[in-house]
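First up is the structure itself, then whatever we jot down about it.
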Amino acid sequence: MIALIQRVRSASVTVDGEMIAQTGAGLLILLGVEQGDTPATAQKLADKVLGYRIFSDVDGKMNLNVQQSGGSVLVVSQFTLAADIGRGLRPSFSSAAAPAEANALYQQFVSCCRTTGINTQTGRFAADMQVALVNDGPVTFWLQA
């Protein structure tokens, strides 16, 4: 399971012209689910992402996690993170989990986030989404579990 996390001032998801989710300061989490991922993988990655200290403390150092900073999260499924780009000029998605399995693990990841009490918004799995964000920093990290 792969998470591309971006520290944002704001982020939103629109589907078919309708804004379905939005958040203020916090994290935009683009989540890719790979074959072999499990609910334990989802929990491990959620713990890692939510515990990652990328928010500034009073001294301006990246020393706080999203919860300590009072932020929220927006989780968006993105199977393209599981792309194999090692050969040629067209990505292969053979390592991505099948849609039903990926959706279940995406929902598991979201549930892990929500159980912490952090305000958690989501995109719509497998939809054609338009994601808007104001990246803060910019600060972007790629994490894997």
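Naming scheme: A, B, ... for chains in displayed order of the structure tokens; residues 1 onward per chain; ligands 1 onward as shown.
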Counting only C-alpha atoms, what is within 6 Å of stretch 68-81 of chain A, bar same-chain residues fewer than 4 positions away, as a ChimeraX atom specification?
/A:25-32,64,118-123,125
Could you save those same residues with N, CA, C and O atoms as a CSV table (one decimal), in the first residue's frame?
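Saved result, part16.csv, follows:
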chain,number,residue,atom,x,y,z
A,25,ALA,N,-6.7,23.0,6.5
A,25,ALA,CA,-5.3,22.6,6.8
A,25,ALA,C,-5.2,21.2,7.3
A,25,ALA,O,-6.0,20.7,8.1
A,26,GLY,N,-4.3,20.5,6.7
A,26,GLY,CA,-4.1,19.1,7.1
A,26,GLY,C,-3.3,18.3,6.0
A,26,GLY,O,-2.4,18.8,5.4
A,27,LEU,N,-3.8,17.1,5.7
A,27,LEU,CA,-3.2,16.2,4.8
A,27,LEU,C,-4.1,15.8,3.6
A,27,LEU,O,-5.3,15.5,3.9
A,28,LEU,N,-3.6,15.9,2.4
A,28,LEU,CA,-4.3,15.2,1.3
A,28,LEU,C,-3.5,13.9,1.1
A,28,LEU,O,-2.3,13.9,1.0
A,29,ILE,N,-4.2,12.8,1.2
A,29,ILE,CA,-3.6,11.5,1.1
A,29,ILE,C,-4.1,10.8,-0.1
A,29,ILE,O,-5.3,10.5,-0.2
A,30,LEU,N,-3.2,10.6,-1.1
A,30,LEU,CA,-3.5,9.8,-2.3
A,30,LEU,C,-3.1,8.4,-2.0
A,30,LEU,O,-1.9,8.1,-1.7
A,31,LEU,N,-4.0,7.4,-2.1
A,31,LEU,CA,-3.8,6.1,-1.6
A,31,LEU,C,-3.9,5.1,-2.7
A,31,LEU,O,-4.9,5.0,-3.4
A,32,GLY,N,-2.8,4.3,-2.9
A,32,GLY,CA,-2.8,3.2,-3.9
A,32,GLY,C,-2.7,1.9,-3.2
A,32,GLY,O,-1.9,1.7,-2.3
A,64,LEU,N,5.4,18.1,14.5
A,64,LEU,CA,4.1,17.7,14.9
A,64,LEU,C,3.4,16.9,13.8
A,64,LEU,O,3.6,17.1,12.6
A,118,ILE,N,-9.6,12.1,14.1
A,118,ILE,CA,-9.2,13.1,13.1
A,118,ILE,C,-10.4,13.3,12.1
A,118,ILE,O,-10.9,12.3,11.6
A,119,ASN,N,-10.8,14.5,11.8
A,119,ASN,CA,-11.8,14.7,10.8
A,119,ASN,C,-11.3,14.2,9.5
A,119,ASN,O,-10.2,14.6,8.9
A,120,THR,N,-12.0,13.2,8.9
A,120,THR,CA,-11.5,12.5,7.7
A,120,THR,C,-12.6,12.6,6.6
A,120,THR,O,-13.7,12.1,6.8
A,121,GLN,N,-12.2,13.1,5.5
A,121,GLN,CA,-13.1,13.2,4.3
A,121,GLN,C,-12.5,12.3,3.3
A,121,GLN,O,-11.4,11.9,3.3
A,122,THR,N,-13.4,11.9,2.3
A,122,THR,CA,-12.9,11.0,1.3
A,122,THR,C,-13.4,11.5,-0.1
A,122,THR,O,-14.4,12.2,-0.3
A,123,GLY,N,-12.7,10.9,-1.1
A,123,GLY,CA,-13.1,11.0,-2.5
A,123,GLY,C,-14.1,9.9,-2.7
A,123,GLY,O,-14.6,9.3,-1.8
A,125,PHE,N,-14.4,6.3,-4.5
A,125,PHE,CA,-13.6,5.2,-5.1
A,125,PHE,C,-14.0,5.0,-6.6
A,125,PHE,O,-15.2,4.9,-6.9
Which of chain A DSSP labels helix (DSSP H, G or I), written as a count of residues only
33
12 Å contact set for A:Asn103, only C-alpha atoms, chain neighbours under 2 positions out, as a JSON list (two decimals) with all heavy atoms, in the first residue's frame:
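Listed below is the output, around_27.json:
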[["chain", "number", "residue", "atom", "x", "y", "z"],
["A", 31, "LEU", "N", -4.02, 7.44, -2.10],
["A", 31, "LEU", "CA", -3.79, 6.08, -1.62],
["A", 31, "LEU", "C", -3.87, 5.06, -2.75],
["A", 31, "LEU", "O", -4.89, 4.98, -3.44],
["A", 31, "LEU", "CB", -4.81, 5.73, -0.54],
["A", 31, "LEU", "CG", -4.60, 4.43, 0.19],
["A", 31, "LEU", "CD1", -3.40, 4.53, 1.13],
["A", 31, "LEU", "CD2", -5.85, 4.06, 0.97],
["A", 32, "GLY", "N", -2.80, 4.29, -2.92],
["A", 32, "GLY", "CA", -2.77, 3.21, -3.90],
["A", 32, "GLY", "C", -2.70, 1.87, -3.20],
["A", 32, "GLY", "O", -1.90, 1.68, -2.29],
["A", 33, "VAL", "N", -3.54, 0.95, -3.61],
["A", 33, "VAL", "CA", -3.60, -0.38, -3.01],
["A", 33, "VAL", "C", -3.01, -1.39, -3.98],
["A", 33, "VAL", "O", -3.38, -1.43, -5.15],
["A", 33, "VAL", "CB", -5.04, -0.77, -2.63],
["A", 33, "VAL", "CG1", -5.08, -2.14, -1.98],
["A", 33, "VAL", "CG2", -5.67, 0.30, -1.72],
["A", 34, "GLU", "N", -2.08, -2.20, -3.46],
["A", 34, "GLU", "CA", -1.39, -3.17, -4.29],
["A", 34, "GLU", "C", -1.83, -4.59, -3.96],
["A", 34, "GLU", "O", -2.36, -4.85, -2.87],
["A", 34, "GLU", "CB", 0.12, -3.07, -4.06],
["A", 34, "GLU", "CG", 0.69, -1.71, -4.42],
["A", 34, "GLU", "CD", 2.15, -1.61, -4.05],
["A", 34, "GLU", "OE1", 2.47, -1.55, -2.85],
["A", 34, "GLU", "OE2", 2.98, -1.61, -4.99],
["A", 37, "ASP", "N", -1.76, -6.55, -0.32],
["A", 37, "ASP", "CA", -2.07, -5.71, 0.84],
["A", 37, "ASP", "C", -3.19, -6.35, 1.65],
["A", 37, "ASP", "O", -4.03, -7.08, 1.12],
["A", 37, "ASP", "CB", -2.48, -4.30, 0.40],
["A", 37, "ASP", "CG", -1.31, -3.48, -0.12],
["A", 37, "ASP", "OD1", -0.15, -3.81, 0.21],
["A", 37, "ASP", "OD2", -1.56, -2.50, -0.85],
["A", 38, "THR", "N", -3.19, -6.07, 2.94],
["A", 38, "THR", "CA", -4.14, -6.67, 3.88],
["A", 38, "THR", "C", -4.69, -5.58, 4.80],
["A", 38, "THR", "O", -4.16, -4.46, 4.83],
["A", 38, "THR", "CB", -3.46, -7.73, 4.75],
["A", 38, "THR", "OG1", -2.48, -7.07, 5.58],
["A", 38, "THR", "CG2", -2.78, -8.80, 3.90],
["A", 39, "PRO", "N", -5.71, -5.90, 5.61],
["A", 39, "PRO", "CA", -6.15, -4.94, 6.61],
["A", 39, "PRO", "C", -5.02, -4.51, 7.55],
["A", 39, "PRO", "O", -4.96, -3.36, 7.97],
["A", 39, "PRO", "CB", -7.26, -5.69, 7.35],
["A", 39, "PRO", "CG", -7.84, -6.60, 6.31],
["A", 39, "PRO", "CD", -6.63, -7.06, 5.52],
["A", 42, "ALA", "N", -3.13, -1.82, 5.86],
["A", 42, "ALA", "CA", -3.87, -0.56, 5.93],
["A", 42, "ALA", "C", -3.67, 0.11, 7.28],
["A", 42, "ALA", "O", -3.43, 1.32, 7.36],
["A", 42, "ALA", "CB", -5.35, -0.80, 5.65],
["A", 76, "VAL", "N", -7.97, 10.08, -0.90],
["A", 76, "VAL", "CA", -8.43, 9.90, -2.27],
["A", 76, "VAL", "C", -7.76, 8.64, -2.83],
["A", 76, "VAL", "O", -6.54, 8.51, -2.78],
["A", 76, "VAL", "CB", -8.06, 11.12, -3.14],
["A", 76, "VAL", "CG1", -8.43, 10.89, -4.60],
["A", 76, "VAL", "CG2", -8.72, 12.38, -2.60],
["A", 77, "SER", "N", -8.57, 7.71, -3.35],
["A", 77, "SER", "CA", -8.00, 6.51, -3.95],
["A", 77, "SER", "C", -7.30, 6.88, -5.26],
["A", 77, "SER", "O", -7.80, 7.70, -6.03],
["A", 77, "SER", "CB", -9.09, 5.47, -4.22],
["A", 77, "SER", "OG", -10.03, 5.96, -5.15],
["A", 78, "GLN", "N", -6.13, 6.27, -5.48],
["A", 78, "GLN", "CA", -5.38, 6.55, -6.71],
["A", 78, "GLN", "C", -4.58, 5.31, -7.09],
["A", 78, "GLN", "O", -3.44, 5.14, -6.69],
["A", 78, "GLN", "CB", -4.46, 7.76, -6.55],
["A", 78, "GLN", "CG", -3.84, 8.13, -7.87],
["A", 78, "GLN", "CD", -3.20, 9.50, -7.87],
["A", 78, "GLN", "OE1", -3.30, 10.27, -6.93],
["A", 78, "GLN", "NE2", -2.50, 9.80, -8.95],
["A", 79, "PHE", "N", -5.21, 4.46, -7.91],
["A", 79, "PHE", "CA", -4.57, 3.20, -8.29],
["A", 79, "PHE", "C", -3.30, 3.42, -9.09],
["A", 79, "PHE", "O", -2.43, 2.56, -9.14],
["A", 79, "PHE", "CB", -5.54, 2.29, -9.04],
["A", 79, "PHE", "CG", -5.75, 2.66, -10.48],
["A", 79, "PHE", "CD1", -5.01, 2.03, -11.48],
["A", 79, "PHE", "CD2", -6.67, 3.63, -10.85],
["A", 79, "PHE", "CE1", -5.20, 2.36, -12.82],
["A", 79, "PHE", "CE2", -6.86, 3.96, -12.18],
["A", 79, "PHE", "CZ", -6.13, 3.33, -13.16],
["A", 96, "ALA", "N", -1.43, -3.53, -9.15],
["A", 96, "ALA", "CA", -2.52, -2.93, -8.39],
["A", 96, "ALA", "C", -3.52, -4.01, -7.99],
["A", 96, "ALA", "O", -3.72, -4.99, -8.71],
["A", 96, "ALA", "CB", -3.23, -1.87, -9.23],
["A", 97, "ALA", "N", -4.13, -3.83, -6.83],
["A", 97, "ALA", "CA", -5.15, -4.78, -6.36],
["A", 97, "ALA", "C", -6.38, -4.68, -7.25],
["A", 97, "ALA", "O", -6.67, -3.63, -7.83],
["A", 97, "ALA", "CB", -5.51, -4.47, -4.92],
["A", 98, "ALA", "N", -7.12, -5.78, -7.35],
["A", 98, "ALA", "CA", -8.38, -5.78, -8.09],
["A", 98, "ALA", "C", -9.34, -4.78, -7.44],
["A", 98, "ALA", "O", -9.27, -4.54, -6.23],
["A", 98, "ALA", "CB", -8.98, -7.19, -8.07],
["A", 99, "PRO", "N", -10.22, -4.16, -8.23],
["A", 99, "PRO", "CA", -11.08, -3.10, -7.70],
["A", 99, "PRO", "C", -11.85, -3.44, -6.41],
["A", 99, "PRO", "O", -11.86, -2.63, -5.48],
["A", 99, "PRO", "CB", -12.02, -2.80, -8.86],
["A", 99, "PRO", "CG", -11.22, -3.14, -10.08],
["A", 99, "PRO", "CD", -10.41, -4.34, -9.67],
["A", 100, "ALA", "N", -12.46, -4.58, -6.33],
["A", 100, "ALA", "CA", -13.23, -4.92, -5.12],
["A", 100, "ALA", "C", -12.33, -5.01, -3.90],
["A", 100, "ALA", "O", -12.66, -4.49, -2.82],
["A", 100, "ALA", "CB", -13.99, -6.24, -5.33],
["A", 101, "GLU", "N", -11.18, -5.64, -4.06],
["A", 101, "GLU", "CA", -10.22, -5.76, -2.96],
["A", 101, "GLU", "C", -9.64, -4.39, -2.60],
["A", 101, "GLU", "O", -9.51, -4.04, -1.42],
["A", 101, "GLU", "CB", -9.09, -6.71, -3.36],
["A", 101, "GLU", "CG", -8.01, -6.87, -2.32],
["A", 101, "GLU", "CD", -6.85, -7.72, -2.81],
["A", 101, "GLU", "OE1", -6.88, -8.24, -3.93],
["A", 101, "GLU", "OE2", -5.88, -7.84, -2.04],
["A", 105, "LEU", "N", -9.92, -2.33, 1.05],
["A", 105, "LEU", "CA", -8.75, -1.88, 1.80],
["A", 105, "LEU", "C", -8.67, -0.36, 1.89],
["A", 105, "LEU", "O", -8.21, 0.18, 2.90],
["A", 105, "LEU", "CB", -7.47, -2.47, 1.20],
["A", 105, "LEU", "CG", -7.35, -3.98, 1.42],
["A", 105, "LEU", "CD1", -6.22, -4.56, 0.59],
["A", 105, "LEU", "CD2", -7.15, -4.29, 2.89],
["A", 106, "TYR", "N", -9.15, 0.33, 0.87],
["A", 106, "TYR", "CA", -9.27, 1.79, 0.92],
["A", 106, "TYR", "C", -10.21, 2.18, 2.07],
["A", 106, "TYR", "O", -9.90, 3.04, 2.88],
["A", 106, "TYR", "CB", -9.79, 2.30, -0.43],
["A", 106, "TYR", "CG", -10.24, 3.74, -0.45],
["A", 106, "TYR", "CD1", -9.33, 4.78, -0.45],
["A", 106, "TYR", "CD2", -11.60, 4.06, -0.49],
["A", 106, "TYR", "CE1", -9.74, 6.10, -0.50],
["A", 106, "TYR", "CE2", -12.02, 5.37, -0.53],
["A", 106, "TYR", "CZ", -11.09, 6.39, -0.53],
["A", 106, "TYR", "OH", -11.51, 7.70, -0.56],
["A", 107, "GLN", "N", -11.35, 1.51, 2.13],
["A", 107, "GLN", "CA", -12.32, 1.79, 3.20],
["A", 107, "GLN", "C", -11.72, 1.45, 4.57],
["A", 107, "GLN", "O", -11.97, 2.15, 5.57],
["A", 107, "GLN", "CB", -13.63, 1.01, 2.99],
["A", 107, "GLN", "CG", -14.37, 1.39, 1.71],
["A", 107, "GLN", "CD", -14.76, 2.86, 1.64],
["A", 107, "GLN", "OE1", -14.95, 3.53, 2.65],
["A", 107, "GLN", "NE2", -14.85, 3.38, 0.42],
["A", 108, "GLN", "N", -10.93, 0.39, 4.65],
["A", 108, "GLN", "CA", -10.26, 0.01, 5.90],
["A", 108, "GLN", "C", -9.30, 1.12, 6.32],
["A", 108, "GLN", "O", -9.25, 1.49, 7.50],
["A", 108, "GLN", "CB", -9.51, -1.30, 5.71],
["A", 108, "GLN", "CG", -8.69, -1.74, 6.90],
["A", 108, "GLN", "CD", -9.54, -2.23, 8.06],
["A", 108, "GLN", "OE1", -10.61, -2.79, 7.85],
["A", 108, "GLN", "NE2", -9.09, -2.01, 9.28],
["A", 109, "PHE", "N", -8.52, 1.64, 5.39],
["A", 109, "PHE", "CA", -7.60, 2.74, 5.68],
["A", 109, "PHE", "C", -8.37, 3.95, 6.20],
["A", 109, "PHE", "O", -7.98, 4.56, 7.20],
["A", 109, "PHE", "CB", -6.80, 3.10, 4.42],
["A", 109, "PHE", "CG", -5.80, 4.20, 4.63],
["A", 109, "PHE", "CD1", -4.50, 3.91, 4.99],
["A", 109, "PHE", "CD2", -6.16, 5.53, 4.46],
["A", 109, "PHE", "CE1", -3.56, 4.92, 5.19],
["A", 109, "PHE", "CE2", -5.23, 6.55, 4.65],
["A", 109, "PHE", "CZ", -3.94, 6.24, 5.02],
["A", 110, "VAL", "N", -9.45, 4.31, 5.53],
["A", 110, "VAL", "CA", -10.28, 5.44, 5.96],
["A", 110, "VAL", "C", -10.81, 5.20, 7.37],
["A", 110, "VAL", "O", -10.79, 6.10, 8.22],
["A", 110, "VAL", "CB", -11.44, 5.68, 4.97],
["A", 110, "VAL", "CG1", -12.45, 6.66, 5.53],
["A", 110, "VAL", "CG2", -10.89, 6.16, 3.63],
["A", 123, "GLY", "N", -12.65, 10.95, -1.10],
["A", 123, "GLY", "CA", -13.10, 11.03, -2.48],
["A", 123, "GLY", "C", -14.10, 9.91, -2.72],
["A", 123, "GLY", "O", -14.60, 9.30, -1.77],
["A", 124, "ARG", "N", -14.39, 9.61, -3.97],
["A", 124, "ARG", "CA", -15.30, 8.52, -4.32],
["A", 124, "ARG", "C", -14.51, 7.48, -5.08],
["A", 124, "ARG", "O", -13.95, 7.76, -6.15],
["A", 124, "ARG", "CB", -16.45, 9.05, -5.17],
["A", 124, "ARG", "CG", -17.49, 7.99, -5.49],
["A", 124, "ARG", "CD", -18.69, 8.56, -6.19],
["A", 124, "ARG", "NE", -19.34, 9.56, -5.34],
["A", 124, "ARG", "CZ", -20.04, 10.59, -5.81],
["A", 124, "ARG", "NH1", -20.18, 10.77, -7.10],
["A", 124, "ARG", "NH2", -20.60, 11.45, -4.98],
["A", 125, "PHE", "N", -14.42, 6.29, -4.52],
["A", 125, "PHE", "CA", -13.62, 5.22, -5.10],
["A", 125, "PHE", "C", -14.02, 4.97, -6.55],
["A", 125, "PHE", "O", -15.20, 4.86, -6.87],
["A", 125, "PHE", "CB", -13.77, 3.93, -4.27],
["A", 125, "PHE", "CG", -12.85, 2.84, -4.72],
["A", 125, "PHE", "CD1", -11.55, 2.77, -4.25],
["A", 125, "PHE", "CD2", -13.27, 1.90, -5.64],
["A", 125, "PHE", "CE1", -10.68, 1.79, -4.69],
["A", 125, "PHE", "CE2", -12.41, 0.91, -6.09],
["A", 125, "PHE", "CZ", -11.11, 0.86, -5.60],
["A", 126, "ALA", "N", -13.03, 4.88, -7.42],
["A", 126, "ALA", "CA", -13.16, 4.54, -8.85],
["A", 126, "ALA", "C", -13.89, 5.61, -9.67],
["A", 126, "ALA", "O", -14.20, 5.37, -10.83],
["A", 126, "ALA", "CB", -13.83, 3.18, -9.04],
["A", 127, "ALA", "N", -14.16, 6.77, -9.08],
["A", 127, "ALA", "CA", -14.80, 7.84, -9.83],
["A", 127, "ALA", "C", -13.75, 8.66, -10.57],
["A", 127, "ALA", "O", -12.57, 8.65, -10.21],
["A", 127, "ALA", "CB", -15.60, 8.74, -8.88]]
As an NGL selection string, please: every residue in chain A that a backbone DSSP assignment puts in strand (DSSP E).
:A and (2-15 or 18-23 or 26-32 or 55-56 or 62-64 or 72-77 or 120-122 or 129-144)
Residue contacts of stretch 50-62 of chain A (8 Å, only C-alpha atoms) excluding same-chain residues fewer than 4 positions away, as a list in words
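Result of the neighbour search: Arg7, Ala46, Val66, Gln67, Ser69, Cys113 and Val139 of chain A.
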Restricting it to N, CA, C and O atoms, dump the selection as an mmCIF file, in the first residue's frame.
data_model
loop_
_atom_site.group_PDB
_atom_site.id
_atom_site.type_symbol
_atom_site.label_atom_id
_atom_site.label_comp_id
_atom_site.auth_asym_id
_atom_site.auth_seq_id
_atom_site.Cartn_x
_atom_site.Cartn_y
_atom_site.Cartn_z
ATOM 1 N N ARG A 7 1.083 18.011 2.597
ATOM 2 C CA ARG A 7 0.608 18.948 3.614
ATOM 3 C C ARG A 7 -0.098 20.066 2.856
ATOM 4 O O ARG A 7 0.476 20.675 1.959
ATOM 5 N N ALA A 46 -1.761 3.639 7.857
ATOM 6 C CA ALA A 46 -2.525 4.724 8.491
ATOM 7 C C ALA A 46 -1.782 5.248 9.715
ATOM 8 O O ALA A 46 -1.658 6.467 9.908
ATOM 9 N N VAL A 66 -0.338 15.338 12.085
ATOM 10 C CA VAL A 66 -1.569 16.020 11.682
ATOM 11 C C VAL A 66 -2.518 16.223 12.856
ATOM 12 O O VAL A 66 -3.144 17.285 12.976
ATOM 13 N N GLN A 67 -2.624 15.255 13.736
ATOM 14 C CA GLN A 67 -3.529 15.397 14.878
ATOM 15 C C GLN A 67 -3.015 16.461 15.850
ATOM 16 O O GLN A 67 -3.781 17.294 16.327
ATOM 17 N N SER A 69 -1.325 18.986 15.161
ATOM 18 C CA SER A 69 -1.442 20.303 14.540
ATOM 19 C C SER A 69 -2.891 20.776 14.447
ATOM 20 O O SER A 69 -3.141 21.902 14.041
ATOM 21 N N CYS A 113 -8.229 5.880 9.941
ATOM 22 C CA CYS A 113 -8.062 7.326 10.151
ATOM 23 C C CYS A 113 -9.174 7.862 11.044
ATOM 24 O O CYS A 113 -8.923 8.631 11.981
ATOM 25 N N VAL A 139 5.124 20.574 0.756
ATOM 26 C CA VAL A 139 5.598 19.434 1.529
ATOM 27 C C VAL A 139 4.870 18.193 1.016
ATOM 28 O O VAL A 139 3.644 18.107 1.145
#
So which one's closest to A:Gln43, A:Leu4, A:Met19, A:Ala83, A:Ala145? Using only C-alpha atoms, please.
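Smallest separation from A:Gln43 among the options: A:Ala145.
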Would you pick out the contacts of A:Gly137 at 10 Å or less, using only C-alpha atoms, so that residues sharing its chain but fewer than 2 positions from it are not included, and give the list as a ChimeraX atom specification?
/A:6-9,134-135,139-140
Could you tell me how far atom CA of A:Trp142 lies from atom CA of A:Ile5, in Å and to one decimal?
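Calculated distance between atom CA of A:Trp142 and atom CA of A:Ile5 is 6.4 Å.
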Residue with smallest distance to A:Val13 - pool A:Ser111, A:Gln144, A:Ser94, A:Gln130, counting only C-alpha atoms
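Under the stated criterion, the closest residue is A:Gln130.
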What is the distance between atom CA of A:Leu143 and atom CA of A:Ser10, in Å to one decimal?
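Interatomic distance here is 20.8 Å.
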Taking only C-alpha atoms into account, which of A:Arg87, A:Ser92, A:Thr14, A:Asp47 comes nearest A:Thr115?
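Using only C-alpha atoms, A:Thr115 sits closest to A:Asp47.
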